[in-house]
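For reference, work-v9.cif (mmCIF, C-alpha atoms):
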data_query
#
loop_
_atom_site.label_atom_id
_atom_site.label_comp_id
_atom_site.auth_asym_id
_atom_site.auth_seq_id
_atom_site.Cartn_x
_atom_site.Cartn_y
_atom_site.Cartn_z
CA MET A 109 66.97 -8.44 -59.57
CA LYS A 110 65.69 -7.62 -63.09
CA PHE A 111 69.16 -7.88 -64.58
CA ILE A 112 69.80 -11.21 -62.81
CA PHE A 113 66.51 -12.54 -64.23
CA LYS A 114 67.61 -11.45 -67.73
CA LEU A 115 71.03 -13.09 -67.29
CA LEU A 116 69.48 -16.37 -66.20
CA LEU A 117 66.81 -16.38 -68.90
CA ASN A 118 69.16 -15.46 -71.75
CA GLY A 119 71.86 -17.73 -70.36
CA ALA A 120 69.59 -20.76 -70.19
CA ILE A 121 68.43 -20.22 -73.76
CA ALA A 122 71.71 -19.17 -75.38
CA VAL A 123 74.04 -21.61 -73.65
CA THR A 124 71.75 -24.58 -74.29
CA ILE A 125 71.27 -23.77 -77.97
CA LEU A 126 74.91 -22.86 -78.58
CA LEU A 127 76.11 -26.10 -77.00
CA TRP A 128 73.62 -28.03 -79.10
CA LEU A 129 74.12 -26.32 -82.47
CA SER A 130 77.72 -25.12 -82.46
CA SER A 131 81.18 -26.08 -81.32
CA ALA A 132 81.19 -23.46 -78.55
CA THR A 133 82.47 -24.61 -75.17
CA PHE A 134 80.35 -24.10 -72.09
CA TRP A 135 82.49 -21.19 -70.92
CA GLU A 136 82.53 -19.50 -74.33
CA ALA A 137 78.74 -19.78 -74.53
CA ALA A 138 78.29 -18.57 -70.95
CA ILE A 139 80.63 -15.59 -71.28
CA THR A 140 79.16 -14.48 -74.61
CA SER A 141 75.68 -14.82 -73.12
CA VAL A 142 76.61 -12.58 -70.18
CA ILE A 143 78.08 -9.99 -72.53
CA LEU A 144 75.00 -10.07 -74.77
CA SER A 145 72.67 -9.80 -71.77
CA THR A 146 74.58 -6.78 -70.48
CA ILE A 147 74.51 -5.00 -73.84
CA ALA A 148 70.83 -5.88 -74.40
CA TYR A 149 69.93 -4.69 -70.91
CA LEU A 150 71.61 -1.33 -71.46
CA VAL A 151 70.38 -0.80 -75.02
CA GLY A 152 67.06 -2.62 -75.16
CA ASP A 153 65.75 -2.32 -71.62
CA GLN A 154 67.22 0.92 -70.33
CA TYR A 155 66.95 2.91 -73.55
CA VAL A 156 64.63 1.48 -76.23
CA LEU A 157 61.96 0.02 -73.92
CA ARG A 158 61.62 3.32 -72.05
CA MET A 159 61.17 5.22 -75.31
CA SER A 160 58.88 2.76 -77.10
CA ASN A 161 57.08 -0.48 -76.29
CA ASN A 162 57.59 -4.19 -75.71
CA THR A 163 57.39 -5.10 -79.39
CA VAL A 164 60.03 -2.61 -80.52
CA ALA A 165 62.36 -3.45 -77.63
CA THR A 166 61.99 -7.18 -78.33
CA LEU A 167 62.80 -6.67 -82.02
CA VAL A 168 65.84 -4.55 -81.15
CA ASP A 169 67.05 -7.23 -78.72
CA ALA A 170 66.53 -9.97 -81.31
CA VAL A 171 68.42 -8.09 -84.04
CA LEU A 172 71.17 -7.29 -81.57
CA ALA A 173 71.41 -10.99 -80.60
CA PHE A 174 71.51 -12.08 -84.26
CA VAL A 175 74.30 -9.69 -85.19
CA TYR A 176 76.23 -10.30 -81.95
CA PHE A 177 76.18 -14.10 -82.19
CA TRP A 178 76.91 -13.98 -85.91
CA VAL A 179 80.07 -11.95 -85.26
CA VAL A 180 81.15 -13.98 -82.22
CA ALA A 181 80.48 -17.34 -83.89
CA SER A 182 82.46 -16.26 -86.96
CA PHE A 183 85.32 -14.91 -84.89
CA LEU A 184 85.53 -18.02 -82.69
CA ASN A 185 84.87 -20.48 -85.55
CA TRP A 186 81.89 -22.12 -83.82
CA GLY A 187 80.41 -23.45 -87.04
CA LEU A 188 77.01 -21.97 -86.23
CA THR A 189 74.89 -22.16 -89.39
CA ILE A 190 72.51 -19.41 -90.47
CA GLY A 191 69.63 -21.74 -89.60
CA GLY A 192 71.06 -22.29 -86.13
CA LEU A 193 71.56 -18.57 -85.73
CA ILE A 194 67.94 -17.88 -86.71
CA PHE A 195 66.75 -20.62 -84.32
CA LEU A 196 68.81 -19.08 -81.49
CA THR A 197 67.52 -15.61 -82.30
CA LEU A 198 63.88 -16.74 -82.33
CA PHE A 199 64.18 -18.37 -78.92
CA LEU A 200 66.07 -15.41 -77.47
CA GLY A 201 63.42 -13.07 -78.92
CA ALA A 202 60.66 -15.13 -77.28
CA GLY A 203 62.57 -14.99 -74.00
CA GLU A 204 62.96 -11.23 -74.34
CA ALA A 205 59.21 -10.83 -74.94
CA VAL A 206 58.54 -12.73 -71.70
CA TYR A 207 61.14 -10.64 -69.89
CA HIS A 208 59.67 -7.35 -71.14
CA ARG A 209 56.19 -8.46 -70.04
CA PHE A 210 57.67 -9.23 -66.64
CA LEU A 211 59.11 -5.70 -66.52
CA ALA A 212 55.77 -4.18 -67.56
CA SER A 213 53.82 -6.13 -64.93
CA ASP A 214 56.39 -5.17 -62.30
CA ARG A 215 56.02 -1.50 -63.27
CA GLU A 216 52.22 -1.73 -63.05
CA ARG A 217 52.39 -3.46 -59.67
CA ARG A 218 54.67 -0.71 -58.36
CA LYS A 219 52.26 1.97 -59.60
CA VAL A 220 49.36 0.31 -57.77
CA THR A 221 51.26 -0.22 -54.51
CA GLY A 222 52.77 3.24 -54.63
#
Written as structure tokens, how would this file's structure read?
Amino acid sequence: MKFIFKLLLNGAIAVTILLWLSSATFWEAAITSVILSTIAYLVGDQYVLRMSNNTVATLVDAVLAFVYFWVVASFLNWGLTIGGLIFLTLFLGAGEAVYHRFLASDRERRKVTG
């Protein structure tokens, strides 16, 4: 359920912004969003978040998104500007912060209910 929430959140943000600010097709944006979400879930949520805190995990996810979309946009010639890339990264970072808070509140609720 947590991973599905992350896919939907990141997908809504990334696909919308990529379609608006680049020449990516819907399917290119959707597939790259799923790949990013999977990598970010494994690295940011399953590794970094468990070892640190929400702020560090959010920063790691944002940097990962920036580098990932920079490489993909260059490779696929999307014409995504640095400003567009920063805009995308900021919104994905905000989404990740919300997602990590959701994870933290879910963890706390599970502790209380046993």
For region 175-217 of chain A against region 144-161 of chain A, with a cut-off of 12 Å and counting only C-alpha atoms, what is the closest atom pair and its distance in Å to one decimal for every residue that makes the cut, ordered by chain and number, as JSON lines?
{"residue": "A:Val175", "atom": "CA", "partner": "A:Leu144", "partner_atom": "CA", "distance": 10.5}
{"residue": "A:Tyr176", "atom": "CA", "partner": "A:Leu144", "partner_atom": "CA", "distance": 7.3}
{"residue": "A:Phe177", "atom": "CA", "partner": "A:Leu144", "partner_atom": "CA", "distance": 8.5}
{"residue": "A:Trp178", "atom": "CA", "partner": "A:Leu144", "partner_atom": "CA", "distance": 12.0}
{"residue": "A:Val179", "atom": "CA", "partner": "A:Leu144", "partner_atom": "CA", "distance": 11.8}
{"residue": "A:Val180", "atom": "CA", "partner": "A:Leu144", "partner_atom": "CA", "distance": 10.4}
{"residue": "A:Thr197", "atom": "CA", "partner": "A:Leu144", "partner_atom": "CA", "distance": 12.0}
{"residue": "A:Leu200", "atom": "CA", "partner": "A:Ser145", "partner_atom": "CA", "distance": 10.4}
{"residue": "A:Gly201", "atom": "CA", "partner": "A:Ala148", "partner_atom": "CA", "distance": 11.3}
{"residue": "A:Gly203", "atom": "CA", "partner": "A:Ser145", "partner_atom": "CA", "distance": 11.6}
{"residue": "A:Glu204", "atom": "CA", "partner": "A:Ala148", "partner_atom": "CA", "distance": 9.5}
{"residue": "A:Ala205", "atom": "CA", "partner": "A:Asn161", "partner_atom": "CA", "distance": 10.7}
{"residue": "A:Tyr207", "atom": "CA", "partner": "A:Asp153", "partner_atom": "CA", "distance": 9.7}
{"residue": "A:His208", "atom": "CA", "partner": "A:Asp153", "partner_atom": "CA", "distance": 7.9}
{"residue": "A:Arg209", "atom": "CA", "partner": "A:Asn161", "partner_atom": "CA", "distance": 10.2}
{"residue": "A:Phe210", "atom": "CA", "partner": "A:Asp153", "partner_atom": "CA", "distance": 11.7}
{"residue": "A:Leu211", "atom": "CA", "partner": "A:Asp153", "partner_atom": "CA", "distance": 9.0}
{"residue": "A:Ala212", "atom": "CA", "partner": "A:Asn161", "partner_atom": "CA", "distance": 9.6}
{"residue": "A:Arg215", "atom": "CA", "partner": "A:Arg158", "partner_atom": "CA", "distance": 11.5}
Checklist entry - Which is closer to Leu127 (chain A) than all the others in A:Ala170, A:Leu196, A:Ile112, A:Ile190, using all atoms listed in the file? => result A:Leu196
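Rounded to one decimal, CA of Leu117 (chain A) and CA of Val142 (chain A) lie 10.6 Å from each other.
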Item to check | Pairwise distance for CA of Leu129 (chain A) and CA of Phe183 (chain A), rounded to one decimal in Å | outcome: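 Distance reported for this atom pair: 16.2 Å.
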Next on the checklist: Using Å and a single decimal, report how far CA of Val164 (chain A) sits from CA of Ala120 (chain A).
Outcome noted: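 Computed distance, CA of Ala120 (chain A) to CA of Val164 (chain A), equals 23.0 Å.
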Checklist entry - Between A:Ser182, A:Ser213, A:Ile194, A:Ser141, which is the closest to Asn118 (chain A) once you count only C-alpha atoms? => result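 With only C-alpha atoms as the atom set, the closest residue is A:Ser141.
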Checklist entry - Using only C-alpha atoms, which of the listed residues (A:Leu193, A:Leu188, A:Gly119, A:Thr221) sits closest to Ala132 (chain A)? => result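 Result for the nearest residue to Ala132 (chain A): A:Leu188.
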